[in-house]
>>> print(open('upload.cif').read())   # mmCIF, C-alpha atoms and all ligand atoms
data_target
#
loop_
_atom_site.group_PDB
_atom_site.id
_atom_site.type_symbol
_atom_site.label_atom_id
_atom_site.label_comp_id
_atom_site.auth_asym_id
_atom_site.auth_seq_id
_atom_site.Cartn_x
_atom_site.Cartn_y
_atom_site.Cartn_z
ATOM 1 C CA MET A 218 -25.389 10.907 3.844
ATOM 2 C CA THR A 219 -24.322 10.085 7.389
ATOM 3 C CA ASN A 220 -25.985 10.405 10.820
ATOM 4 C CA SER A 221 -24.320 13.075 12.935
ATOM 5 C CA ASP A 222 -23.338 10.552 15.663
ATOM 6 C CA GLU A 223 -21.766 8.116 13.159
ATOM 7 C CA LYS A 224 -17.980 8.101 12.828
ATOM 8 C CA THR A 225 -16.960 9.305 9.399
ATOM 9 C CA THR A 226 -13.900 9.063 7.215
ATOM 10 C CA HIS A 227 -13.019 9.986 3.665
ATOM 11 C CA PHE A 228 -13.322 7.981 0.506
ATOM 12 C CA GLY A 229 -11.294 10.167 -1.836
ATOM 13 C CA TYR A 230 -12.909 13.593 -1.434
ATOM 14 C CA ARG A 231 -16.229 12.187 -0.198
ATOM 15 C CA THR A 232 -17.094 11.950 3.489
ATOM 16 C CA VAL A 233 -18.557 8.535 4.242
ATOM 17 C CA ALA A 234 -19.486 6.524 7.340
ATOM 18 C CA GLU A 235 -16.519 4.480 8.598
ATOM 19 C CA ASP A 236 -18.553 1.287 8.100
ATOM 20 C CA GLU A 237 -19.045 2.121 4.459
ATOM 21 C CA LYS A 238 -15.440 2.691 3.409
ATOM 22 C CA ALA A 239 -14.124 -0.889 3.244
ATOM 23 C CA GLY A 240 -17.000 -1.875 0.933
ATOM 24 C CA LEU A 241 -16.286 1.057 -1.368
ATOM 25 C CA VAL A 242 -12.541 0.286 -1.467
ATOM 26 C CA HIS A 243 -13.334 -3.365 -2.117
ATOM 27 C CA GLY A 244 -15.542 -2.246 -5.021
ATOM 28 C CA VAL A 245 -12.682 -0.248 -6.540
ATOM 29 C CA PHE A 246 -10.170 -3.093 -6.458
ATOM 30 C CA SER A 247 -12.659 -5.784 -7.508
ATOM 31 C CA SER A 248 -13.438 -3.651 -10.516
ATOM 32 C CA VAL A 249 -9.840 -3.142 -11.616
ATOM 33 C CA ALA A 250 -8.205 -6.428 -10.460
ATOM 34 C CA SER A 251 -7.746 -8.088 -13.857
ATOM 35 C CA LYS A 252 -6.215 -4.921 -15.363
ATOM 36 C CA TYR A 253 -4.456 -3.706 -12.218
ATOM 37 C CA ASP A 254 -0.892 -4.555 -13.293
ATOM 38 C CA VAL A 255 -1.269 -3.136 -16.818
ATOM 39 C CA MET A 256 -2.794 0.048 -15.450
ATOM 40 C CA ASN A 257 -0.025 0.455 -12.855
ATOM 41 C CA ASP A 258 2.580 0.371 -15.597
ATOM 42 C CA ALA A 259 0.615 2.751 -17.821
ATOM 43 C CA MET A 260 -0.136 5.468 -15.305
ATOM 44 C CA SER A 261 3.286 5.473 -13.648
ATOM 45 C CA MET A 262 5.154 4.860 -16.943
ATOM 46 C CA GLY A 263 6.697 1.843 -15.253
ATOM 47 C CA ILE A 264 8.104 3.900 -12.380
ATOM 48 C CA HIS A 265 6.196 1.939 -9.698
ATOM 49 C CA ARG A 266 8.619 -0.913 -10.490
ATOM 50 C CA LEU A 267 11.605 1.277 -9.589
ATOM 51 C CA TRP A 268 9.911 2.391 -6.354
ATOM 52 C CA LYS A 269 9.231 -1.235 -5.402
ATOM 53 C CA ASP A 270 12.862 -2.105 -6.190
ATOM 54 C CA ALA A 271 13.969 0.841 -4.005
ATOM 55 C CA MET A 272 11.823 -0.626 -1.227
ATOM 56 C CA MET A 273 13.712 -3.921 -1.543
ATOM 57 C CA ASP A 274 17.080 -2.117 -1.620
ATOM 58 C CA TRP A 275 16.326 -0.460 1.715
ATOM 59 C CA LEU A 276 14.685 -3.541 3.203
ATOM 60 C CA ALA A 277 17.556 -5.853 2.142
ATOM 61 C CA PRO A 278 15.674 -9.167 2.570
ATOM 62 C CA ARG A 279 17.692 -11.883 4.270
ATOM 63 C CA PRO A 280 17.518 -15.659 3.880
ATOM 64 C CA GLY A 281 15.126 -17.336 6.270
ATOM 65 C CA GLN A 282 13.042 -14.233 7.010
ATOM 66 C CA SER A 283 9.263 -14.395 7.003
ATOM 67 C CA LEU A 284 7.413 -11.579 5.289
ATOM 68 C CA LEU A 285 3.824 -10.474 5.731
ATOM 69 C CA ASP A 286 2.837 -8.250 2.797
ATOM 70 C CA VAL A 287 -0.442 -6.575 3.698
ATOM 71 C CA ALA A 288 -2.745 -5.180 1.004
ATOM 72 C CA GLY A 289 -0.390 -7.182 -1.173
ATOM 73 C CA GLY A 290 -2.778 -7.354 -4.127
ATOM 74 C CA THR A 291 -1.204 -9.107 -7.096
ATOM 75 C CA GLY A 292 2.030 -9.954 -5.280
ATOM 76 C CA ASP A 293 4.603 -7.425 -6.561
ATOM 77 C CA ILE A 294 6.297 -7.017 -3.171
ATOM 78 C CA ALA A 295 6.269 -10.691 -2.175
ATOM 79 C CA PHE A 296 7.721 -11.732 -5.550
ATOM 80 C CA ARG A 297 10.536 -9.214 -5.218
ATOM 81 C CA PHE A 298 11.225 -10.186 -1.610
ATOM 82 C CA LEU A 299 11.506 -13.881 -2.453
ATOM 83 C CA ALA A 300 13.663 -13.179 -5.508
ATOM 84 C CA ARG A 301 16.212 -11.490 -3.227
ATOM 85 C CA ALA A 302 16.079 -13.969 -0.340
ATOM 86 C CA PRO A 303 15.320 -17.357 -1.859
ATOM 87 C CA GLU A 304 15.092 -19.238 1.447
ATOM 88 C CA ALA A 305 12.594 -16.785 2.848
ATOM 89 C CA ARG A 306 8.804 -17.210 3.068
ATOM 90 C CA ALA A 307 6.088 -14.709 2.233
ATOM 91 C CA LEU A 308 2.404 -14.348 2.915
ATOM 92 C CA VAL A 309 0.297 -11.936 0.882
ATOM 93 C CA LEU A 310 -2.834 -10.687 2.650
ATOM 94 C CA ASP A 311 -5.496 -8.600 0.934
ATOM 95 C CA MET A 312 -9.178 -7.926 1.511
ATOM 96 C CA THR A 313 -10.012 -8.208 -2.218
ATOM 97 C CA GLU A 314 -9.951 -11.820 -3.313
ATOM 98 C CA SER A 315 -9.895 -11.002 -7.032
ATOM 99 C CA MET A 316 -6.601 -9.121 -6.566
ATOM 100 C CA LEU A 317 -5.090 -12.250 -4.953
ATOM 101 C CA VAL A 318 -6.521 -14.417 -7.735
ATOM 102 C CA ALA A 319 -4.824 -12.192 -10.334
ATOM 103 C CA GLY A 320 -1.568 -12.488 -8.353
ATOM 104 C CA ARG A 321 -1.739 -16.266 -8.178
ATOM 105 C CA GLN A 322 -2.148 -16.394 -11.952
ATOM 106 C CA ARG A 323 1.122 -14.581 -12.544
ATOM 107 C CA ALA A 324 4.038 -16.603 -13.860
ATOM 108 C CA GLU A 325 6.219 -15.898 -10.804
ATOM 109 C CA ALA A 326 3.607 -17.384 -8.476
ATOM 110 C CA GLY A 327 3.830 -20.834 -10.083
ATOM 111 C CA LYS A 328 7.559 -21.075 -9.465
ATOM 112 C CA LEU A 329 7.420 -20.225 -5.767
ATOM 113 C CA GLY A 330 5.464 -23.249 -4.549
ATOM 114 C CA ASP A 331 5.085 -23.431 -0.782
ATOM 115 C CA LYS A 332 7.255 -20.361 -0.079
ATOM 116 C CA LEU A 333 4.278 -18.150 -0.817
ATOM 117 C CA ASP A 334 0.767 -18.053 0.677
ATOM 118 C CA TRP A 335 -2.256 -15.915 -0.154
ATOM 119 C CA VAL A 336 -4.827 -14.979 2.495
ATOM 120 C CA VAL A 337 -7.977 -12.866 2.354
ATOM 121 C CA GLY A 338 -8.077 -10.575 5.383
ATOM 122 C CA ASP A 339 -8.242 -7.077 6.817
ATOM 123 C CA ALA A 340 -5.167 -4.993 7.700
ATOM 124 C CA MET A 341 -7.031 -3.712 10.786
ATOM 125 C CA ALA A 342 -7.631 -7.200 12.240
ATOM 126 C CA LEU A 343 -4.879 -9.545 11.096
ATOM 127 C CA PRO A 344 -5.676 -13.252 11.532
ATOM 128 C CA PHE A 345 -2.244 -14.086 13.015
ATOM 129 C CA PRO A 346 -0.864 -14.502 16.539
ATOM 130 C CA ASP A 347 1.446 -11.899 18.091
ATOM 131 C CA ALA A 348 5.109 -11.952 17.017
ATOM 132 C CA SER A 349 4.621 -14.094 13.887
ATOM 133 C CA PHE A 350 6.714 -12.301 11.227
ATOM 134 C CA ASP A 351 10.162 -10.735 10.751
ATOM 135 C CA VAL A 352 9.075 -8.178 8.183
ATOM 136 C CA TYR A 353 5.783 -6.373 7.512
ATOM 137 C CA THR A 354 5.325 -4.489 4.251
ATOM 138 C CA ILE A 355 2.411 -2.530 2.853
ATOM 139 C CA SER A 356 2.745 -0.974 -0.584
ATOM 140 C CA PHE A 357 0.163 1.508 -1.874
ATOM 141 C CA GLY A 358 -2.289 -0.069 0.536
ATOM 142 C CA ILE A 359 -2.364 1.913 3.760
ATOM 143 C CA ARG A 360 -4.045 4.986 2.328
ATOM 144 C CA ASN A 361 -7.064 2.804 1.531
ATOM 145 C CA VAL A 362 -7.442 1.511 5.079
ATOM 146 C CA THR A 363 -10.302 3.008 7.109
ATOM 147 C CA ARG A 364 -8.413 3.463 10.407
ATOM 148 C CA ILE A 365 -4.692 3.734 9.675
ATOM 149 C CA PRO A 366 -3.646 3.699 13.383
ATOM 150 C CA ASP A 367 -5.406 0.325 13.774
ATOM 151 C CA ALA A 368 -3.460 -1.119 10.838
ATOM 152 C CA LEU A 369 -0.164 0.191 12.258
ATOM 153 C CA SER A 370 -0.954 -1.297 15.704
ATOM 154 C CA GLU A 371 -1.673 -4.618 14.063
ATOM 155 C CA ALA A 372 1.635 -4.412 12.184
ATOM 156 C CA PHE A 373 3.417 -3.837 15.507
ATOM 157 C CA ARG A 374 1.571 -6.732 17.168
ATOM 158 C CA VAL A 375 2.344 -9.377 14.524
ATOM 159 C CA LEU A 376 6.034 -8.448 14.177
ATOM 160 C CA ARG A 377 8.633 -10.250 16.269
ATOM 161 C CA PRO A 378 10.879 -8.129 18.482
ATOM 162 C CA GLY A 379 13.610 -6.918 16.125
ATOM 163 C CA GLY A 380 11.115 -6.984 13.254
ATOM 164 C CA ARG A 381 10.772 -4.277 10.657
ATOM 165 C CA LEU A 382 7.902 -2.349 9.088
ATOM 166 C CA MET A 383 8.240 -0.792 5.670
ATOM 167 C CA VAL A 384 5.546 1.256 3.965
ATOM 168 C CA LEU A 385 5.530 2.414 0.344
ATOM 169 C CA GLU A 386 2.860 5.021 -0.306
ATOM 170 C CA PHE A 387 2.121 8.074 -2.397
ATOM 171 C CA SER A 388 3.189 11.202 -0.590
ATOM 172 C CA GLN A 389 3.508 14.969 -0.976
ATOM 173 C CA LEU A 390 5.813 16.999 -3.208
ATOM 174 C CA PRO A 391 8.041 19.602 -1.552
ATOM 175 C CA ASN A 392 6.626 22.731 -3.177
ATOM 176 C CA ASP A 393 3.355 24.117 -4.545
ATOM 177 C CA GLY A 394 4.611 24.513 -8.121
ATOM 178 C CA LEU A 395 5.582 20.882 -8.478
ATOM 179 C CA GLN A 396 2.436 19.769 -6.662
ATOM 180 C CA LYS A 397 0.293 21.774 -9.125
ATOM 181 C CA LEU A 398 2.040 20.175 -12.110
ATOM 182 C CA TYR A 399 1.586 16.726 -10.619
ATOM 183 C CA ASP A 400 -2.089 17.427 -9.836
ATOM 184 C CA LEU A 401 -2.625 18.547 -13.405
ATOM 185 C CA TYR A 402 -1.349 15.205 -14.642
ATOM 186 C CA SER A 403 -3.027 13.070 -12.046
ATOM 187 C CA PHE A 404 -6.486 14.666 -12.049
ATOM 188 C CA ASN A 405 -6.682 15.086 -15.835
ATOM 189 C CA VAL A 406 -4.846 12.110 -17.260
ATOM 190 C CA ILE A 407 -5.203 9.220 -14.789
ATOM 191 C CA PRO A 408 -9.033 8.895 -14.654
ATOM 192 C CA LYS A 409 -9.179 9.070 -18.490
ATOM 193 C CA MET A 410 -6.428 6.461 -18.787
ATOM 194 C CA GLY A 411 -8.294 4.336 -16.249
ATOM 195 C CA LYS A 412 -11.445 4.526 -18.369
ATOM 196 C CA LEU A 413 -9.541 3.544 -21.482
ATOM 197 C CA ILE A 414 -7.737 0.578 -19.943
ATOM 198 C CA THR A 415 -10.125 -0.726 -17.277
ATOM 199 C CA GLY A 416 -13.408 0.845 -18.428
ATOM 200 C CA ASP A 417 -13.646 2.463 -14.979
ATOM 201 C CA ALA A 418 -12.841 6.173 -14.564
ATOM 202 C CA ASP A 419 -14.401 6.432 -11.076
ATOM 203 C CA SER A 420 -11.950 4.012 -9.477
ATOM 204 C CA TYR A 421 -9.044 6.087 -10.754
ATOM 205 C CA GLN A 422 -10.723 9.321 -9.693
ATOM 206 C CA TYR A 423 -10.787 7.754 -6.198
ATOM 207 C CA LEU A 424 -7.109 6.856 -6.556
ATOM 208 C CA VAL A 425 -5.972 10.422 -7.256
ATOM 209 C CA GLU A 426 -8.224 11.895 -4.561
ATOM 210 C CA SER A 427 -7.043 9.376 -1.964
ATOM 211 C CA ILE A 428 -3.434 10.299 -2.731
ATOM 212 C CA ARG A 429 -4.138 13.965 -1.942
ATOM 213 C CA LYS A 430 -5.872 13.046 1.341
ATOM 214 C CA PHE A 431 -2.977 10.962 2.670
ATOM 215 C CA PRO A 432 -0.792 12.583 5.381
ATOM 216 C CA ASP A 433 2.561 14.053 4.371
ATOM 217 C CA GLN A 434 5.892 12.369 5.141
ATOM 218 C CA GLU A 435 6.387 13.877 8.630
ATOM 219 C CA ARG A 436 2.817 13.344 9.801
ATOM 220 C CA PHE A 437 2.852 9.752 8.648
ATOM 221 C CA ALA A 438 6.206 9.147 10.390
ATOM 222 C CA GLU A 439 4.572 10.415 13.610
ATOM 223 C CA MET A 440 1.681 7.964 13.183
ATOM 224 C CA ILE A 441 4.188 5.110 12.862
ATOM 225 C CA ARG A 442 5.976 6.239 16.051
ATOM 226 C CA ALA A 443 2.627 6.459 17.838
ATOM 227 C CA ALA A 444 2.019 2.772 17.033
ATOM 228 C CA GLY A 445 5.195 1.888 18.991
ATOM 229 C CA PHE A 446 7.851 1.727 16.281
ATOM 230 C CA ASP A 447 11.386 3.014 16.873
ATOM 231 C CA ASN A 448 14.041 4.438 14.613
ATOM 232 C CA VAL A 449 11.379 5.678 12.174
ATOM 233 C CA LYS A 450 12.821 7.190 9.001
ATOM 234 C CA TYR A 451 11.621 7.980 5.522
ATOM 235 C CA ARG A 452 13.034 8.434 2.046
ATOM 236 C CA ASN A 453 11.373 10.337 -0.757
ATOM 237 C CA LEU A 454 11.008 8.693 -4.146
ATOM 238 C CA SER A 455 10.745 10.808 -7.311
ATOM 239 C CA MET A 456 10.932 13.989 -5.198
ATOM 240 C CA GLY A 457 8.118 12.897 -2.903
ATOM 241 C CA ILE A 458 5.516 11.633 -5.376
ATOM 242 C CA ALA A 459 5.937 8.517 -3.258
ATOM 243 C CA ALA A 460 7.822 7.815 -0.028
ATOM 244 C CA LEU A 461 9.187 4.853 1.865
ATOM 245 C CA HIS A 462 8.773 4.783 5.645
ATOM 246 C CA SER A 463 10.744 2.360 7.786
ATOM 247 C CA GLY A 464 10.308 1.527 11.480
ATOM 248 C CA TRP A 465 11.568 -1.131 13.875
ATOM 249 C CA LYS A 466 9.883 -3.082 16.669
ATOM 250 C CA LEU A 467 12.663 -3.078 19.231
HETATM 251 C C1 LIG A 501 -3.250 -0.119 -4.860
HETATM 252 S S1 LIG A 501 -3.440 -1.790 -4.383
HETATM 253 C C2 LIG A 501 -1.777 -2.221 -3.937
HETATM 254 C C3 LIG A 501 -1.403 -3.614 -4.328
HETATM 255 C C4 LIG A 501 0.101 -3.948 -4.170
HETATM 256 N N1 LIG A 501 0.499 -3.871 -2.777
HETATM 257 C C5 LIG A 501 0.974 -3.056 -5.006
HETATM 258 O O1 LIG A 501 1.799 -2.333 -4.453
HETATM 259 O O2 LIG A 501 0.846 -3.079 -6.233
HETATM 260 C C6 LIG A 501 -4.219 -1.611 -2.810
HETATM 261 C C7 LIG A 501 -4.698 -2.924 -2.209
HETATM 262 O O3 LIG A 501 -5.089 -2.673 -0.860
HETATM 263 C C8 LIG A 501 -6.109 -3.590 -0.547
HETATM 264 N N2 LIG A 501 -6.744 -3.136 0.700
HETATM 265 C C9 LIG A 501 -7.374 -1.971 0.914
HETATM 266 N N3 LIG A 501 -7.797 -1.892 2.187
HETATM 267 C C10 LIG A 501 -7.412 -3.039 2.794
HETATM 268 C C11 LIG A 501 -7.544 -3.552 4.112
HETATM 269 N N4 LIG A 501 -8.183 -2.864 5.075
HETATM 270 N N5 LIG A 501 -7.024 -4.761 4.392
HETATM 271 C C12 LIG A 501 -6.386 -5.480 3.428
HETATM 272 N N6 LIG A 501 -6.241 -5.051 2.156
HETATM 273 C C13 LIG A 501 -6.734 -3.841 1.848
HETATM 274 C C14 LIG A 501 -6.975 -3.558 -1.788
HETATM 275 O O4 LIG A 501 -7.829 -4.654 -1.858
HETATM 276 C C15 LIG A 501 -5.917 -3.524 -2.891
HETATM 277 O O5 LIG A 501 -5.615 -4.808 -3.354
#
>>> encode(input="upload.cif", output="structure tokens")
Amino acid sequence: MTNSDEKTTHFGYRTVAEDEKAGLVHGVFSSVASKYDVMNDAMSMGIHRLWKDAMMDWLAPRPGQSLLDVAGGTGDIAFRFLARAPEARALVLDMTESMLVAGRQRAEAGKLGDKLDWVVGDAMALPFPDASFDVYTISFGIRNVTRIPDALSEAFRVLRPGGRLMVLEFSQLPNDGLQKLYDLYSFNVIPKMGKLITGDADSYQYLVESIRKFPDQERFAEMIRAAGFDNVKYRNLSMGIAALHSGWKL
């Protein structure tokens, strides 16, 4: 229940007070953190790995760049970035400490030493000065953020002039038939799989609902432009199940 003068947002299909959402999202990811990587592979049949590789192909990390990976969770994007640009540095920021803890425990983390940092923080209020990073990524994170325009403004602020934003997020399929098929899978299979693997069906019910609430490719591109980014483009992945959006701070 919310007071009529309170600002509201959605948490999956539920309407909640804006103040409430971050706590609910934190609850979801705290609950699934230790099984997050296994579950990602199971529900996407490993395809999330290909999408993350496609993100790196488009991003083309260069030696010496500094990456901020927001909502970076268990480190998938930072690990890939550093594997492609060994002299680069990366910082993974996430509001759920247990996701970062799971990331730090991964084998890749041990080998990266001081090239990689982990910070607990909020995408809407980044604890960094203006113009601190060359690249800002957010992978399957932005749809969980309470006020997406605030996160995009923060991305713009912390990037150096010439810096690049890249977002990987679930998106919308191009026609109703395909969307219905995909919904059938996601609403029927994913929460059950989530219960089996993590013991938590509700978190995965939230996941599938939050995917359906996220703006489509064009609307999201407009939001990125509104935050100040130029040369905004997107590419569909697996016909639009997910999409990559790229923008530049010029
Ligand atoms: C689905 S996971 C994505 C993890 C990783 N980026 C990946 O692609 O596998 C979403 C992450 O977003 C984080 N998150 C949600 N809202 C956030 C916010 N406002 N600020 C920082 N992290 C946030 C969650 O804690 C969670 O770890």
>>> closest_residue(input="upload.cif", among="A:Gly330, A:Gly290, A:Pro432, A:Pro391", to="ligand LIG 501 (chain A)", atoms="all atoms listed in the file")
A:Gly290
>>> closest_atom_pairs(input="upload.cif", of="chain A", to="ligand LIG 501 (chain A)", cutoff="7 Å", atoms="only C-alpha atoms and all ligand atoms", output="Markdown table")
| residue | atom | partner | partner_atom | distance |
| --- | --- | --- | --- | --- |
| A:Ala239 | CA | A:LIG501 | N3 | 6.5 |
| A:Val242 | CA | A:LIG501 | C9 | 6.1 |
| A:His243 | CA | A:LIG501 | O4 | 5.7 |
| A:Phe246 | CA | A:LIG501 | O4 | 5.4 |
| A:Val287 | CA | A:LIG501 | C12 | 6.1 |
| A:Ala288 | CA | A:LIG501 | N6 | 3.7 |
| A:Gly289 | CA | A:LIG501 | N1 | 3.8 |
| A:Gly290 | CA | A:LIG501 | O5 | 3.9 |
| A:Thr291 | CA | A:LIG501 | C4 | 6.1 |
| A:Gly292 | CA | A:LIG501 | C4 | 6.4 |
| A:Asp293 | CA | A:LIG501 | O2 | 5.8 |
| A:Ile294 | CA | A:LIG501 | N1 | 6.6 |
| A:Leu310 | CA | A:LIG501 | C12 | 6.4 |
| A:Asp311 | CA | A:LIG501 | N6 | 3.8 |
| A:Met312 | CA | A:LIG501 | N6 | 4.2 |
| A:Thr313 | CA | A:LIG501 | O4 | 4.2 |
| A:Met316 | CA | A:LIG501 | O5 | 5.5 |
| A:Gly338 | CA | A:LIG501 | C12 | 5.7 |
| A:Asp339 | CA | A:LIG501 | N5 | 3.6 |
| A:Ala340 | CA | A:LIG501 | N5 | 3.8 |
| A:Met341 | CA | A:LIG501 | N4 | 5.9 |
| A:Ile355 | CA | A:LIG501 | N1 | 6.1 |
| A:Ser356 | CA | A:LIG501 | O1 | 4.2 |
| A:Phe357 | CA | A:LIG501 | C2 | 4.7 |
| A:Gly358 | CA | A:LIG501 | O3 | 4.1 |
| A:Ile359 | CA | A:LIG501 | N3 | 6.8 |
| A:Asn361 | CA | A:LIG501 | N3 | 4.8 |
| A:Val362 | CA | A:LIG501 | N4 | 4.4 |
| A:Thr363 | CA | A:LIG501 | N4 | 6.6 |
>>> resolve_selection(input="upload.cif", expression="the PyMOL selection byres (((chain A and resi 418) around 12) and not hetatm)", output="ChimeraX atom specification")
/A:245,248-249,256,404-417,419-425
>>> closest_residue(input="upload.cif", among="A:Gly240, A:Met273, A:Met456, A:Gln389", to="A:Arg436", atoms="only C-alpha atoms")
A:Gln389
>>> axis_aligned_box(input="upload.cif", around="stretch 340-347 of chain A", padding_each_side="5 Å", output="lines of an AutoDock Vina configuration file")
center_x = -3.1
center_y = -9.1
center_z = 12.9
size_x = 19.1
size_y = 20.8
size_z = 20.4
>>> residues_near_point(input="upload.cif", point="(5.5, -5.7, 5.7)", cutoff="10 Å", atoms="only C-alpha atoms", output="list in words")
Leu276, Ser283, Leu284, Leu285, Asp286, Val287, Ala288, Gly289, Ile294, Ala295, Ala307, Leu308, Val309, Phe350, Asp351, Val352, Tyr353, Thr354, Ile355, Ser356, Ala372, Leu376, Gly380, Arg381, Leu382, Met383, Val384, Leu385 and Ser463 of chain A
>>> closest_residue(input="upload.cif", among="A:Arg364, A:Lys332, A:Lys238, A:Arg377", to="A:Ser349", atoms="only C-alpha atoms")
A:Arg377
